[in-house]
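Trainee: If it helps, the file is called entry.cif and holds mmCIF, C-alpha atoms:
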```cif
data_my_file
#
loop_
_atom_site.label_atom_id
_atom_site.label_comp_id
_atom_site.auth_asym_id
_atom_site.auth_seq_id
_atom_site.Cartn_x
_atom_site.Cartn_y
_atom_site.Cartn_z
CA MET F 13 63.28 -224.98 -85.98
CA LYS F 14 61.51 -221.65 -86.15
CA LYS F 15 58.64 -223.41 -87.90
CA LEU F 16 58.48 -226.03 -85.13
CA LEU F 17 58.47 -223.32 -82.47
CA THR F 18 55.64 -221.43 -84.18
CA ARG F 19 53.60 -224.61 -84.10
CA LEU F 20 54.49 -225.61 -80.53
CA VAL F 21 54.15 -222.28 -78.74
CA PRO F 22 50.42 -221.84 -79.39
CA GLY F 23 49.85 -225.46 -78.35
CA MET F 24 51.81 -224.99 -75.14
CA LEU F 25 49.99 -221.78 -74.39
CA ALA F 26 46.66 -223.48 -74.94
CA LEU F 27 47.76 -226.33 -72.72
CA CYS F 28 48.82 -223.93 -69.98
CA LEU F 29 45.51 -222.09 -70.20
CA CYS F 30 43.60 -225.35 -70.06
CA LEU F 31 45.54 -226.61 -67.05
CA SER F 32 45.17 -223.34 -65.18
CA ALA F 33 41.41 -223.31 -65.85
CA CYS F 34 41.03 -226.84 -64.55
CA GLY F 35 43.21 -226.24 -61.53
CA GLY F 36 41.42 -223.22 -60.10
CA GLY F 37 37.98 -221.62 -59.90
CA GLY F 38 34.74 -223.07 -58.58
CA SER F 39 34.35 -226.14 -60.72
CA ALA F 40 36.93 -228.27 -58.86
CA LYS F 41 35.47 -227.37 -55.44
CA SER F 42 32.84 -229.67 -54.06
CA TYR F 43 31.15 -230.44 -50.76
CA ASP F 44 31.16 -233.78 -48.99
CA PRO F 45 27.54 -234.20 -47.81
CA ALA F 46 28.11 -235.88 -44.45
CA ALA F 47 31.18 -233.85 -43.47
CA THR F 48 29.63 -230.55 -44.54
CA ALA F 49 26.37 -231.18 -42.73
CA LYS F 50 28.20 -232.32 -39.61
CA ALA F 51 30.39 -229.21 -39.55
CA LEU F 52 27.36 -226.96 -40.01
CA LEU F 53 25.34 -228.71 -37.30
CA GLU F 54 28.24 -228.45 -34.86
CA SER F 55 28.47 -224.70 -35.44
CA ASP F 56 26.38 -222.02 -33.75
CA ALA F 57 24.67 -221.11 -37.01
CA PHE F 58 21.35 -222.79 -36.17
CA THR F 59 18.80 -222.13 -33.45
CA ASP F 60 16.15 -224.62 -34.53
CA THR F 61 16.11 -228.39 -34.10
CA LEU F 62 16.72 -230.13 -37.41
CA ASP F 63 16.25 -233.76 -38.37
CA THR F 64 17.21 -235.85 -41.37
CA LEU F 65 15.26 -236.54 -44.53
CA ASP F 66 15.99 -239.57 -46.68
CA LYS F 67 17.10 -239.16 -50.29
CA ASP F 68 13.77 -239.93 -51.95
CA THR F 69 11.83 -237.62 -49.64
CA ALA F 70 14.35 -234.82 -50.16
CA ALA F 71 14.28 -235.32 -53.92
CA ALA F 72 10.49 -235.11 -53.94
CA MET F 73 10.51 -232.06 -51.68
CA TYR F 74 12.96 -230.19 -53.89
CA GLY F 75 11.63 -231.50 -57.20
CA ILE F 76 14.95 -233.10 -58.12
CA ASP F 77 15.17 -236.40 -59.99
CA ALA F 78 16.25 -238.85 -57.26
CA ALA F 79 18.19 -240.87 -59.84
CA THR F 80 20.62 -237.96 -60.25
CA ILE F 81 21.45 -237.83 -56.52
CA THR F 82 24.32 -240.16 -55.64
CA ASP F 83 24.81 -238.99 -52.06
CA CYS F 84 23.14 -236.47 -49.79
CA ALA F 85 22.74 -235.08 -46.31
CA VAL F 86 19.46 -233.21 -45.81
CA TYR F 87 18.15 -231.74 -42.57
CA ALA F 88 14.94 -229.75 -42.11
CA SER F 89 13.27 -227.95 -39.23
CA LEU F 90 11.09 -229.95 -36.85
CA SER F 91 9.22 -226.71 -36.14
CA MET F 92 8.45 -226.37 -39.85
CA GLY F 93 10.53 -223.18 -39.86
CA ALA F 94 13.04 -222.03 -42.46
CA GLU F 95 16.30 -223.51 -41.17
CA GLU F 96 17.55 -226.23 -43.45
CA ILE F 97 20.67 -227.94 -44.75
CA ALA F 98 20.89 -229.79 -48.04
CA VAL F 99 24.20 -231.03 -49.38
CA LEU F 100 23.73 -233.06 -52.52
CA THR F 101 26.19 -234.93 -54.69
CA LEU F 102 24.82 -235.30 -58.20
CA THR F 103 25.79 -237.53 -61.07
CA ASP F 104 27.49 -234.66 -62.91
CA GLU F 105 27.82 -230.89 -63.07
CA ALA F 106 24.77 -230.47 -65.29
CA ALA F 107 22.63 -232.32 -62.74
CA ALA F 108 24.17 -230.18 -60.00
CA LYS F 109 23.21 -227.06 -61.94
CA THR F 110 19.63 -228.32 -62.22
CA ALA F 111 19.63 -229.15 -58.51
CA LYS F 112 20.90 -225.68 -57.67
CA GLU F 113 17.97 -224.18 -59.60
CA ALA F 114 15.60 -226.42 -57.63
CA LEU F 115 17.17 -225.24 -54.36
CA ASP F 116 16.74 -221.62 -55.46
CA LYS F 117 13.06 -222.37 -56.06
CA ARG F 118 12.83 -223.99 -52.64
CA VAL F 119 14.00 -220.73 -51.07
CA SER F 120 11.45 -218.64 -52.94
CA ASP F 121 8.66 -221.15 -52.19
CA GLN F 122 9.58 -221.13 -48.51
CA ILE F 123 9.50 -217.33 -48.44
CA THR F 124 5.99 -217.42 -49.93
CA ALA F 125 4.86 -220.09 -47.46
CA LEU F 126 6.39 -218.56 -44.36
CA GLU F 127 5.82 -214.84 -44.88
CA SER F 128 2.33 -215.10 -43.40
CA TYR F 129 2.82 -218.25 -41.28
CA MET F 130 6.16 -217.47 -39.60
CA PRO F 131 7.22 -214.00 -40.76
CA GLY F 132 10.20 -214.04 -38.42
CA GLU F 133 11.73 -216.83 -40.46
CA VAL F 134 11.79 -214.93 -43.74
CA ASP F 135 14.98 -213.04 -42.93
CA LYS F 136 16.82 -216.36 -42.65
CA LEU F 137 15.64 -217.21 -46.16
CA ASN F 138 16.73 -213.82 -47.45
CA HIS F 139 20.26 -214.79 -46.37
CA ALA F 140 20.10 -218.36 -47.66
CA ILE F 141 23.29 -219.80 -49.11
CA VAL F 142 22.65 -221.66 -52.35
CA GLU F 143 25.62 -222.90 -54.34
CA GLN F 144 26.70 -225.28 -57.01
CA ALA F 145 30.27 -226.53 -56.64
CA GLY F 146 31.42 -229.08 -59.16
CA ASN F 147 28.95 -231.94 -59.07
CA THR F 148 27.54 -230.86 -55.71
CA ALA F 149 24.73 -228.49 -54.82
CA LEU F 150 24.18 -226.93 -51.44
CA LEU F 151 21.46 -225.08 -49.56
CA VAL F 152 21.97 -223.63 -46.11
CA VAL F 153 19.29 -221.61 -44.35
CA ALA F 154 20.65 -220.67 -40.96
CA ALA F 155 19.83 -218.29 -38.15
CA ASP F 156 23.35 -216.90 -38.51
CA ALA F 157 24.29 -216.94 -42.19
CA ASP F 158 27.75 -215.48 -41.51
CA ALA F 159 28.57 -218.31 -39.13
CA ALA F 160 27.39 -220.83 -41.72
CA ARG F 161 29.49 -219.09 -44.38
CA SER F 162 32.58 -219.34 -42.17
CA VAL F 163 32.02 -223.05 -41.74
CA LEU F 164 31.76 -223.54 -45.49
CA ASP F 165 34.83 -221.42 -46.16
CA GLY F 166 36.76 -223.49 -43.67
CA LEU F 167 35.93 -226.68 -45.52
CA ASN F 168 37.46 -225.74 -48.86
CA MET M 296 68.93 -225.53 -76.49
CA THR M 297 67.22 -227.65 -79.18
CA LEU M 298 67.10 -230.83 -77.08
CA PRO M 299 64.96 -229.33 -74.30
CA LEU M 300 62.65 -227.89 -76.93
CA LEU M 301 62.25 -231.27 -78.56
CA ILE M 302 61.49 -232.84 -75.16
CA ALA M 303 58.95 -230.11 -74.47
CA ALA M 304 57.42 -230.65 -77.88
CA ALA M 305 57.12 -234.35 -77.17
CA VAL M 306 55.42 -233.62 -73.82
CA VAL M 307 52.99 -231.24 -75.50
CA CYS M 308 52.16 -233.80 -78.17
CA VAL M 309 51.48 -236.47 -75.54
CA CYS M 310 49.33 -234.04 -73.58
CA LEU M 311 47.42 -233.00 -76.68
CA LEU M 312 46.75 -236.63 -77.40
CA LEU M 313 45.40 -237.10 -73.84
CA ILE M 314 43.17 -234.03 -73.78
CA PRO M 315 40.43 -235.35 -76.09
CA SER M 316 40.10 -238.50 -74.01
CA ALA M 317 39.82 -236.38 -70.86
CA GLY M 318 37.09 -234.44 -72.59
CA LYS M 319 35.09 -237.61 -73.01
CA ASN M 320 34.57 -237.68 -69.26
CA THR M 321 32.37 -234.61 -69.55
CA PRO M 322 28.85 -235.99 -69.32
CA PRO M 323 25.95 -234.69 -71.38
CA ALA M 324 23.64 -232.17 -69.81
CA ALA M 325 20.95 -233.78 -67.72
CA ALA M 326 17.37 -233.44 -68.81
CA GLY M 327 15.58 -230.54 -67.18
CA VAL M 328 13.66 -231.35 -64.05
CA THR M 329 10.59 -229.45 -63.12
CA PRO M 330 10.85 -228.77 -59.40
CA SER M 331 7.30 -229.10 -58.30
CA VAL M 332 5.21 -231.21 -55.98
CA GLN M 333 2.97 -232.50 -58.68
CA PRO M 334 0.71 -235.38 -57.87
CA LYS M 335 1.20 -238.64 -59.65
CA THR M 336 -0.82 -239.51 -62.68
CA SER M 337 -4.28 -240.72 -61.96
CA PRO M 338 -4.41 -243.94 -59.98
CA SER M 339 -7.58 -244.80 -61.81
CA SER M 340 -8.06 -248.40 -60.89
CA PRO M 341 -11.59 -249.68 -61.25
CA VAL M 342 -14.01 -249.06 -58.44
CA THR M 343 -14.66 -252.03 -56.25
CA GLU M 344 -18.39 -252.15 -55.93
CA PRO M 345 -19.76 -253.43 -52.65
CA SER M 346 -21.68 -256.66 -52.86
CA ALA M 347 -24.48 -255.42 -50.67
CA ALA M 348 -27.18 -257.13 -52.70
CA PRO M 349 -27.34 -260.91 -52.39
CA SER M 350 -26.31 -262.68 -55.56
CA GLU M 351 -28.83 -264.69 -57.45
CA SER M 352 -28.99 -268.26 -56.22
CA PRO M 353 -29.41 -271.18 -58.58
CA ALA M 354 -32.99 -272.49 -58.72
CA ALA M 355 -31.85 -275.87 -57.52
CA GLU M 356 -30.33 -274.42 -54.37
CA PRO M 357 -32.00 -276.28 -51.53
CA THR M 358 -31.04 -273.93 -48.69
CA PRO M 359 -33.99 -271.64 -47.97
CA THR M 360 -32.22 -269.41 -45.43
CA PRO M 361 -30.67 -266.36 -47.14
CA THR M 362 -27.16 -265.40 -46.09
CA PRO M 363 -26.52 -261.66 -45.77
CA ALA M 364 -23.88 -260.41 -48.20
CA ALA M 365 -22.18 -258.35 -45.54
CA SER M 366 -21.93 -259.35 -41.93
CA PRO M 367 -22.88 -256.70 -39.36
CA ALA M 368 -19.23 -256.47 -38.32
CA ALA M 369 -18.21 -255.48 -41.85
CA VAL M 370 -20.46 -252.40 -41.92
CA PHE M 371 -18.66 -249.36 -40.66
CA ASP M 372 -20.26 -247.11 -38.06
CA PHE M 373 -19.67 -243.44 -38.85
CA THR M 374 -20.53 -242.42 -35.30
CA GLN M 375 -17.47 -244.24 -33.99
CA PRO M 376 -13.75 -243.81 -34.70
CA VAL M 377 -12.20 -246.31 -37.06
CA PRO M 378 -11.38 -249.40 -34.97
CA GLU M 379 -8.00 -251.11 -35.03
CA SER M 380 -7.49 -253.33 -38.05
CA GLU M 381 -4.81 -255.54 -39.53
CA PRO M 382 -1.88 -253.32 -40.52
CA VAL M 383 -1.73 -252.47 -44.19
CA GLU M 384 1.41 -252.42 -46.32
CA MET M 385 2.95 -249.15 -47.50
CA ASP M 386 1.47 -249.62 -50.96
CA TYR M 387 -1.92 -248.93 -49.37
CA PHE M 388 -1.03 -245.26 -49.79
CA SER M 389 -0.21 -245.49 -53.49
CA ASP M 390 -3.70 -244.18 -54.31
CA ALA M 391 -4.04 -241.97 -51.24
CA LEU M 392 -4.08 -238.21 -50.87
CA PHE M 393 -3.31 -236.28 -47.69
CA ILE M 394 -4.76 -232.81 -47.20
CA GLY M 395 -3.50 -230.75 -44.31
CA ASP M 396 -1.36 -228.09 -42.73
CA SER M 397 2.23 -228.08 -41.51
CA ARG M 398 1.66 -231.14 -39.33
CA THR M 399 0.76 -233.07 -42.48
CA ASP M 400 3.83 -231.51 -44.09
CA GLY M 401 5.81 -233.16 -41.29
CA LEU M 402 4.10 -236.50 -41.88
CA GLN M 403 5.15 -236.26 -45.51
CA ILE M 404 8.84 -235.61 -44.86
CA TYR M 405 9.56 -237.35 -41.56
CA SER M 406 7.29 -240.40 -41.22
CA GLY M 407 8.79 -242.48 -44.02
CA ILE M 408 5.48 -242.68 -45.88
CA LYS M 409 5.84 -243.62 -49.55
CA GLY M 410 3.53 -243.43 -52.54
CA ALA M 411 0.95 -240.89 -51.33
CA ASP M 412 0.23 -237.47 -52.75
CA PHE M 413 0.00 -234.43 -50.50
CA TYR M 414 -2.01 -231.25 -50.81
CA CYS M 415 -0.54 -229.68 -47.71
CA TYR M 416 0.85 -226.28 -46.91
CA LYS M 417 2.20 -224.40 -43.95
CA GLY M 418 -0.55 -222.37 -42.29
CA LEU M 419 -3.33 -223.96 -44.35
CA ASN M 420 -6.78 -223.81 -42.77
CA ILE M 421 -10.29 -224.92 -43.65
CA PHE M 422 -11.25 -221.46 -44.87
CA ASP M 423 -8.46 -221.62 -47.48
CA MET M 424 -9.74 -224.63 -49.38
CA SER M 425 -11.27 -222.65 -52.23
CA LYS M 426 -9.13 -219.54 -51.80
CA ARG M 427 -5.39 -220.24 -51.54
CA GLN M 428 -3.63 -221.70 -54.53
CA VAL M 429 -1.27 -224.06 -52.76
CA VAL M 430 -1.27 -227.11 -55.03
CA GLU M 431 1.23 -227.22 -57.90
CA MET M 432 -0.05 -229.42 -60.69
CA ASN M 433 0.93 -229.63 -64.36
CA GLY M 434 2.73 -226.33 -64.21
CA GLY M 435 -0.18 -224.48 -62.63
CA LYS M 436 -1.23 -223.53 -59.13
CA TYR M 437 -4.63 -224.49 -57.78
CA THR M 438 -6.70 -224.32 -54.66
CA VAL M 439 -7.29 -227.64 -52.90
CA VAL M 440 -10.86 -227.79 -54.19
CA GLU M 441 -9.74 -227.04 -57.75
CA ALA M 442 -7.03 -229.70 -57.51
CA LEU M 443 -9.52 -232.26 -56.23
CA LYS M 444 -11.66 -231.62 -59.30
CA LYS M 445 -8.88 -231.37 -61.90
CA GLY M 446 -6.33 -233.78 -60.46
CA PRO M 447 -6.17 -237.54 -60.08
CA GLN M 448 -8.99 -239.57 -58.57
CA TYR M 449 -8.00 -241.17 -55.28
CA LYS M 450 -9.21 -244.18 -53.32
CA LYS M 451 -8.38 -242.73 -49.91
CA ILE M 452 -8.28 -239.13 -48.78
CA TYR M 453 -6.91 -238.24 -45.35
CA ILE M 454 -7.77 -234.80 -43.99
CA SER M 455 -6.06 -233.15 -41.01
CA LEU M 456 -6.86 -229.53 -40.27
CA GLY M 457 -7.65 -227.44 -37.22
CA VAL M 458 -4.53 -226.02 -35.58
CA ASN M 459 -4.49 -222.87 -37.70
CA GLU M 460 -8.19 -222.28 -37.02
CA LEU M 461 -7.87 -222.25 -33.21
CA GLY M 462 -7.78 -218.45 -33.17
CA TYR M 463 -11.17 -218.08 -34.84
CA PRO M 464 -14.05 -217.35 -32.47
CA GLY M 465 -16.24 -220.31 -31.50
CA THR M 466 -16.52 -223.40 -33.66
CA ASP M 467 -19.61 -222.70 -35.74
CA SER M 468 -17.77 -221.21 -38.70
CA PHE M 469 -15.24 -224.06 -38.56
CA HIS M 470 -18.03 -226.63 -38.48
CA LYS M 471 -19.89 -225.02 -41.36
CA ALA M 472 -16.80 -224.56 -43.54
CA PHE M 473 -15.57 -228.10 -42.84
CA LYS M 474 -18.95 -229.62 -43.67
CA SER M 475 -19.08 -227.70 -46.92
CA PHE M 476 -15.53 -228.83 -47.77
CA LEU M 477 -16.29 -232.49 -47.03
CA GLU M 478 -19.28 -232.31 -49.34
CA GLU M 479 -17.05 -230.89 -52.07
CA VAL M 480 -14.48 -233.62 -51.50
CA LYS M 481 -17.15 -236.31 -51.76
CA ALA M 482 -18.54 -234.80 -54.94
CA ALA M 483 -15.12 -234.40 -56.57
CA GLN M 484 -13.76 -237.78 -55.43
CA PRO M 485 -16.77 -240.08 -55.25
CA ASP M 486 -14.78 -243.32 -55.02
CA ALA M 487 -12.54 -242.27 -52.15
CA ILE M 488 -12.77 -243.36 -48.55
CA ILE M 489 -12.52 -240.10 -46.64
CA TYR M 490 -10.61 -240.31 -43.39
CA LEU M 491 -11.27 -237.33 -41.14
CA GLN M 492 -8.54 -237.04 -38.50
CA ASN M 493 -9.35 -235.28 -35.25
CA LEU M 494 -7.05 -232.75 -33.65
CA VAL M 495 -3.98 -233.78 -31.67
CA PRO M 496 -3.47 -231.64 -28.54
CA VAL M 497 -0.48 -229.39 -27.98
CA ASN M 498 2.07 -229.32 -25.19
CA PRO M 499 1.13 -226.26 -23.12
CA GLU M 500 4.47 -225.88 -21.34
CA ILE M 501 6.51 -225.91 -24.54
CA CYS M 502 3.96 -223.71 -26.33
CA ALA M 503 4.44 -221.11 -23.60
CA LYS M 504 8.21 -221.43 -23.75
CA LYS M 505 8.22 -221.07 -27.52
CA LYS M 506 5.77 -218.14 -27.37
CA GLN M 507 3.05 -219.78 -29.44
CA PRO M 508 -0.10 -217.62 -29.71
CA SER M 509 -2.31 -217.84 -26.62
CA TYR M 510 -5.19 -219.37 -28.57
CA VAL M 511 -3.03 -222.43 -29.31
CA ASN M 512 -4.19 -224.24 -26.20
CA ASN M 513 -5.86 -227.52 -25.35
CA ASP M 514 -9.19 -225.97 -24.32
CA ARG M 515 -9.59 -224.78 -27.89
CA VAL M 516 -8.36 -228.13 -29.18
CA ALA M 517 -11.08 -229.82 -27.11
CA ASP M 518 -13.71 -227.45 -28.52
CA PHE M 519 -12.70 -228.38 -32.04
CA ASN M 520 -12.51 -232.08 -31.22
CA ALA M 521 -16.17 -231.96 -30.25
CA VAL M 522 -16.94 -230.98 -33.84
CA PHE M 523 -15.19 -233.85 -35.65
CA PRO M 524 -17.56 -236.68 -34.58
CA GLN M 525 -20.50 -234.52 -35.65
CA LEU M 526 -18.89 -233.92 -39.03
CA ALA M 527 -18.13 -237.62 -39.45
CA GLU M 528 -21.74 -238.55 -38.80
CA GLU M 529 -23.27 -235.73 -40.82
CA CYS M 530 -21.06 -236.26 -43.84
CA GLN M 531 -20.69 -240.04 -43.51
CA VAL M 532 -16.89 -240.07 -43.41
CA ALA M 533 -14.53 -242.18 -41.32
CA LEU M 534 -13.27 -240.52 -38.15
CA VAL M 535 -9.69 -241.40 -37.19
CA ASP M 536 -8.84 -240.84 -33.54
CA VAL M 537 -5.24 -239.65 -33.86
CA LYS M 538 -5.86 -237.40 -30.86
CA THR M 539 -5.88 -240.38 -28.51
CA ALA M 540 -3.09 -242.14 -30.38
CA LEU M 541 -0.62 -239.27 -30.15
CA SER M 542 -1.36 -237.80 -26.73
CA ASP M 543 -0.30 -239.06 -23.32
CA GLU M 544 -2.28 -240.23 -20.28
CA ASN M 545 -2.95 -236.58 -19.40
CA GLY M 546 -4.45 -235.92 -22.81
CA ILE M 547 -1.66 -233.65 -24.02
CA LEU M 548 1.11 -233.91 -26.57
CA PRO M 549 4.03 -235.26 -24.54
CA ALA M 550 7.12 -233.08 -24.19
CA GLU M 551 9.34 -235.71 -25.82
CA ALA M 552 7.10 -235.64 -28.90
CA THR M 553 7.62 -232.01 -29.85
CA VAL M 554 10.23 -229.27 -30.02
CA ASP M 555 7.84 -226.33 -30.33
CA GLY M 556 4.70 -227.58 -28.58
CA VAL M 557 2.69 -228.04 -31.80
CA HIS M 558 4.68 -229.98 -34.39
CA TYR M 559 6.05 -233.46 -33.77
CA THR M 560 9.41 -235.14 -33.61
CA LYS M 561 10.34 -237.64 -36.28
CA GLU M 562 9.48 -240.50 -33.91
CA TRP M 563 5.97 -239.09 -33.42
CA TYR M 564 5.40 -238.69 -37.15
CA LYS M 565 6.32 -242.37 -37.52
CA LYS M 566 3.90 -243.20 -34.72
CA TRP M 567 1.18 -241.25 -36.53
CA LEU M 568 1.80 -243.22 -39.72
CA GLU M 569 1.80 -246.53 -37.83
CA TYR M 570 -1.57 -245.66 -36.33
CA LEU M 571 -3.03 -244.85 -39.75
CA MET M 572 -1.70 -248.14 -41.10
CA CYS M 573 -3.60 -250.17 -38.53
CA HIS M 574 -6.82 -248.13 -38.54
CA THR M 575 -8.30 -248.56 -41.99
CA VAL M 576 -11.73 -249.30 -43.39
CA THR M 577 -12.38 -251.62 -46.31
CA PRO M 578 -14.08 -250.03 -49.32
CA GLU M 579 -16.88 -252.58 -48.95
CA ALA M 580 -17.59 -251.68 -45.33
CA TYR M 581 -17.34 -247.97 -46.05
CA GLN M 582 -19.68 -248.05 -49.02
CA ALA M 583 -22.10 -250.37 -47.26
CA ALA M 584 -22.25 -247.93 -44.36
CA GLN M 585 -22.83 -245.03 -46.74
CA ALA M 586 -25.61 -246.95 -48.46
CA ALA M 587 -27.15 -247.79 -45.10
CA GLY M 588 -27.04 -244.14 -44.08
CA GLN M 589 -28.88 -242.91 -47.15
#
```
Please rewrite the model in this file as structure tokens.
Mentor:
Amino acid sequence: MKKLLTRLVPGMLALCLCLSACGGGGSAKSYDPAATAKALLESDAFTDTLDTLDKDTAAAMYGIDAATITDCAVYASLSMGAEEIAVLTLTDEAAAKTAKEALDKRVSDQITALESYMPGEVDKLNHAIVEQAGNTALLVVAADADAARSVLDGLN
Amino acid sequence: MTLPLLIAAAVVCVCLLLIPSAGKNTPPAAAGVTPSVQPKTSPSSPVTEPSAAPSESPAAEPTPTPTPAASPAAVFDFTQPVPESEPVEMDYFSDALFIGDSRTDGLQIYSGIKGADFYCYKGLNIFDMSKRQVVEMNGGKYTVVEALKKGPQYKKIYISLGVNELGYPGTDSFHKAFKSFLEEVKAAQPDAIIYLQNLVPVNPEICAKKKQPSYVNNDRVADFNAVFPQLAEECQVALVDVKTALSDENGILPAEATVDGVHYTKEWYKKWLEYLMCHTVTPEAYQAAQAAGQ
């Protein structure tokens, strides 16, 4: 019996650890593209007028392989300013990680492009929210980053 | 005491059996993606030579009257804007390049255009063409002129610049720099039809409301629009009258077409693309006109 227990206890402990790891943390969290974008647009976080981009155009703009995007909601500024929303569902977490890196690059590229063209927009980019959550990746560049953060926190 | 332990052991065993199969759902890492706006590989289809010279007729041909290879209507007139033509399909742009500023950026993302490459950048102006490295290509950054030389060869090149130059004094420097750039484009891309787009006006009321710089006004736009026909004639390139297409009966950008007075709404970007699709020149007419002008 003692022998059985010595074999089972480590297995049970490992199982408990595994279950607790899967049940919490960031990997299980994800964003629904349409619902997330809708909630953000209905908030007071944005001052610019945004309009939608289709999947292929967004993929090309961000440098993400369109084949890895299964669903998305992407909005960009009609004034060519910094404000932007991109909520992407990718084929898996690895693709989401790659997408998140592309969104990080988008922020730095936009800072470079706008610092001489629209310097007032750069502060929004300095407070950009870029996340990977499960198989989703998200970019939010808002006039009020705190308001955008509250919306996101309220979703999960 | 032992029975619960045995039940627990059984549960653990079942779970341990299930874990490996759950692990199989973990997909392999995706291949790395280079996030860049690289142009496509060279659309190097063979050049369609114009048949300006009459073909040799058989000796037995009884008809003495020679037929011109190109009718007068097929020869393009560089002093006039490109006339309306049969609309082309979207694949017309598969070997096209667009060069421009943030308005062209908007055309790229909002119009629905597919297949074209873009060398465009926010704030880009004609004086930047050999200075600012704004084109990402093969892991490097290049100026527009460098990219035209090193990058793919195109069959059509659309150019739209002017808004960011409105603050420069006069138009002479703009004219000179643009002419020099067009000559570089022609030298670097000898098989391309070059479409020079004139400057679409702004909406003064919304510009004022959005605190656009004072030099962003339609008097300056008109000054610059006087230069484009001269450039088209001097450099033998096709002038596209997007100014008329995208402005209203008062000659301004309508309020419903813009949110900041300068850039367009999605509907207007689509309208811009539609205009381009039904104002094209055939390579034969373009090259015949160039030959006639030499």
Trainee: Ala140 in chain F: which residues within 8 Å, counting all atoms listed in the file, same-chain residues fewer than 6 positions away excluded, as a PDB file with C-alpha atoms, keeping the file's coordinate frame?
Mentor:
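result_6.pdb, written as the output of this step:
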```pdb
ATOM      1  CA  VAL F 119      14.000-220.730 -51.070  1.00  0.00           C
ATOM      2  CA  LEU F 151      21.460-225.080 -49.560  1.00  0.00           C
ATOM      3  CA  VAL F 152      21.970-223.630 -46.110  1.00  0.00           C
ATOM      4  CA  VAL F 153      19.290-221.610 -44.350  1.00  0.00           C
ATOM      5  CA  ALA F 154      20.650-220.670 -40.960  1.00  0.00           C
ATOM      6  CA  ALA F 157      24.290-216.940 -42.190  1.00  0.00           C
TER       7      ALA F 157
END
```
Trainee: Evaluate the PyMOL selection byres ((chain F and resi 59-62) around 6) and record the selected residues as a PDB file with C-alpha atoms, in the coordinates of the input, following the chain and residue labels used in the document.
Mentor:
```
ATOM      1  CA  PHE F  58      21.350-222.790 -36.170  1.00  0.00           C
ATOM      2  CA  ASP F  63      16.250-233.760 -38.370  1.00  0.00           C
ATOM      3  CA  TYR F  87      18.150-231.740 -42.570  1.00  0.00           C
ATOM      4  CA  ALA F  88      14.940-229.750 -42.110  1.00  0.00           C
ATOM      5  CA  SER F  89      13.270-227.950 -39.230  1.00  0.00           C
ATOM      6  CA  LEU F  90      11.090-229.950 -36.850  1.00  0.00           C
TER       7      LEU F  90
END
```
Trainee: Write out as a PyMOL selection string which residues come within 6 Å of range 534-550 of chain M when counting all atoms listed in the file, dropping same-chain ones fewer than 3 positions away.
Mentor: chain M and resi 376-377+490-498+527+553
Trainee: Please provide the set of residues having any atom within 12 Å of Leu571 in chain M, restricted to all atoms listed in the file, with same-chain residues fewer than 3 positions apart removed, written as a ChimeraX atom specification.
Mentor: /M:376-385,387-388,391,393,402,406,408,451-454,490-492,533-538,540-541,564-568,574-576
Trainee: Kindly determine which residues of chain F lie within 7 Å of chain M, considering all atoms listed in the file, and give the answer as a ChimeraX atom specification.
Mentor: /F:20,24,65,69,72-77,90-92,104,106-107,110,114,125,129
Trainee: Would you compute the distance between CA of Asp135 in chain F and CA of Ala155 in chain F? Give it in Å to one decimal.
Mentor: 8.6 Å
Trainee: Which value, in Å to one decimal, gives the distance between CA of Asp486 in chain M and CA of Gln582 in chain M?
Mentor: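 Straight-line distance from CA of Asp486 in chain M to CA of Gln582 in chain M works out to 9.1 Å.
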Trainee: CA of Phe413 in chain M and CA of Val99 in chain F, how far apart in Å?
Mentor: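 Taking CA of Val99 in chain F and CA of Phe413 in chain M, their separation equals 24.5 Å.
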Trainee: From the set F:Ala71, F:Ile81, F:Val86, F:Ala98, which residue has the shortest atom-to-atom contact distance to Val142 in chain F, counting only C-alpha atoms?
Mentor: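 The shortest atom-to-atom distance to Val142 in chain F comes from F:Ala98.
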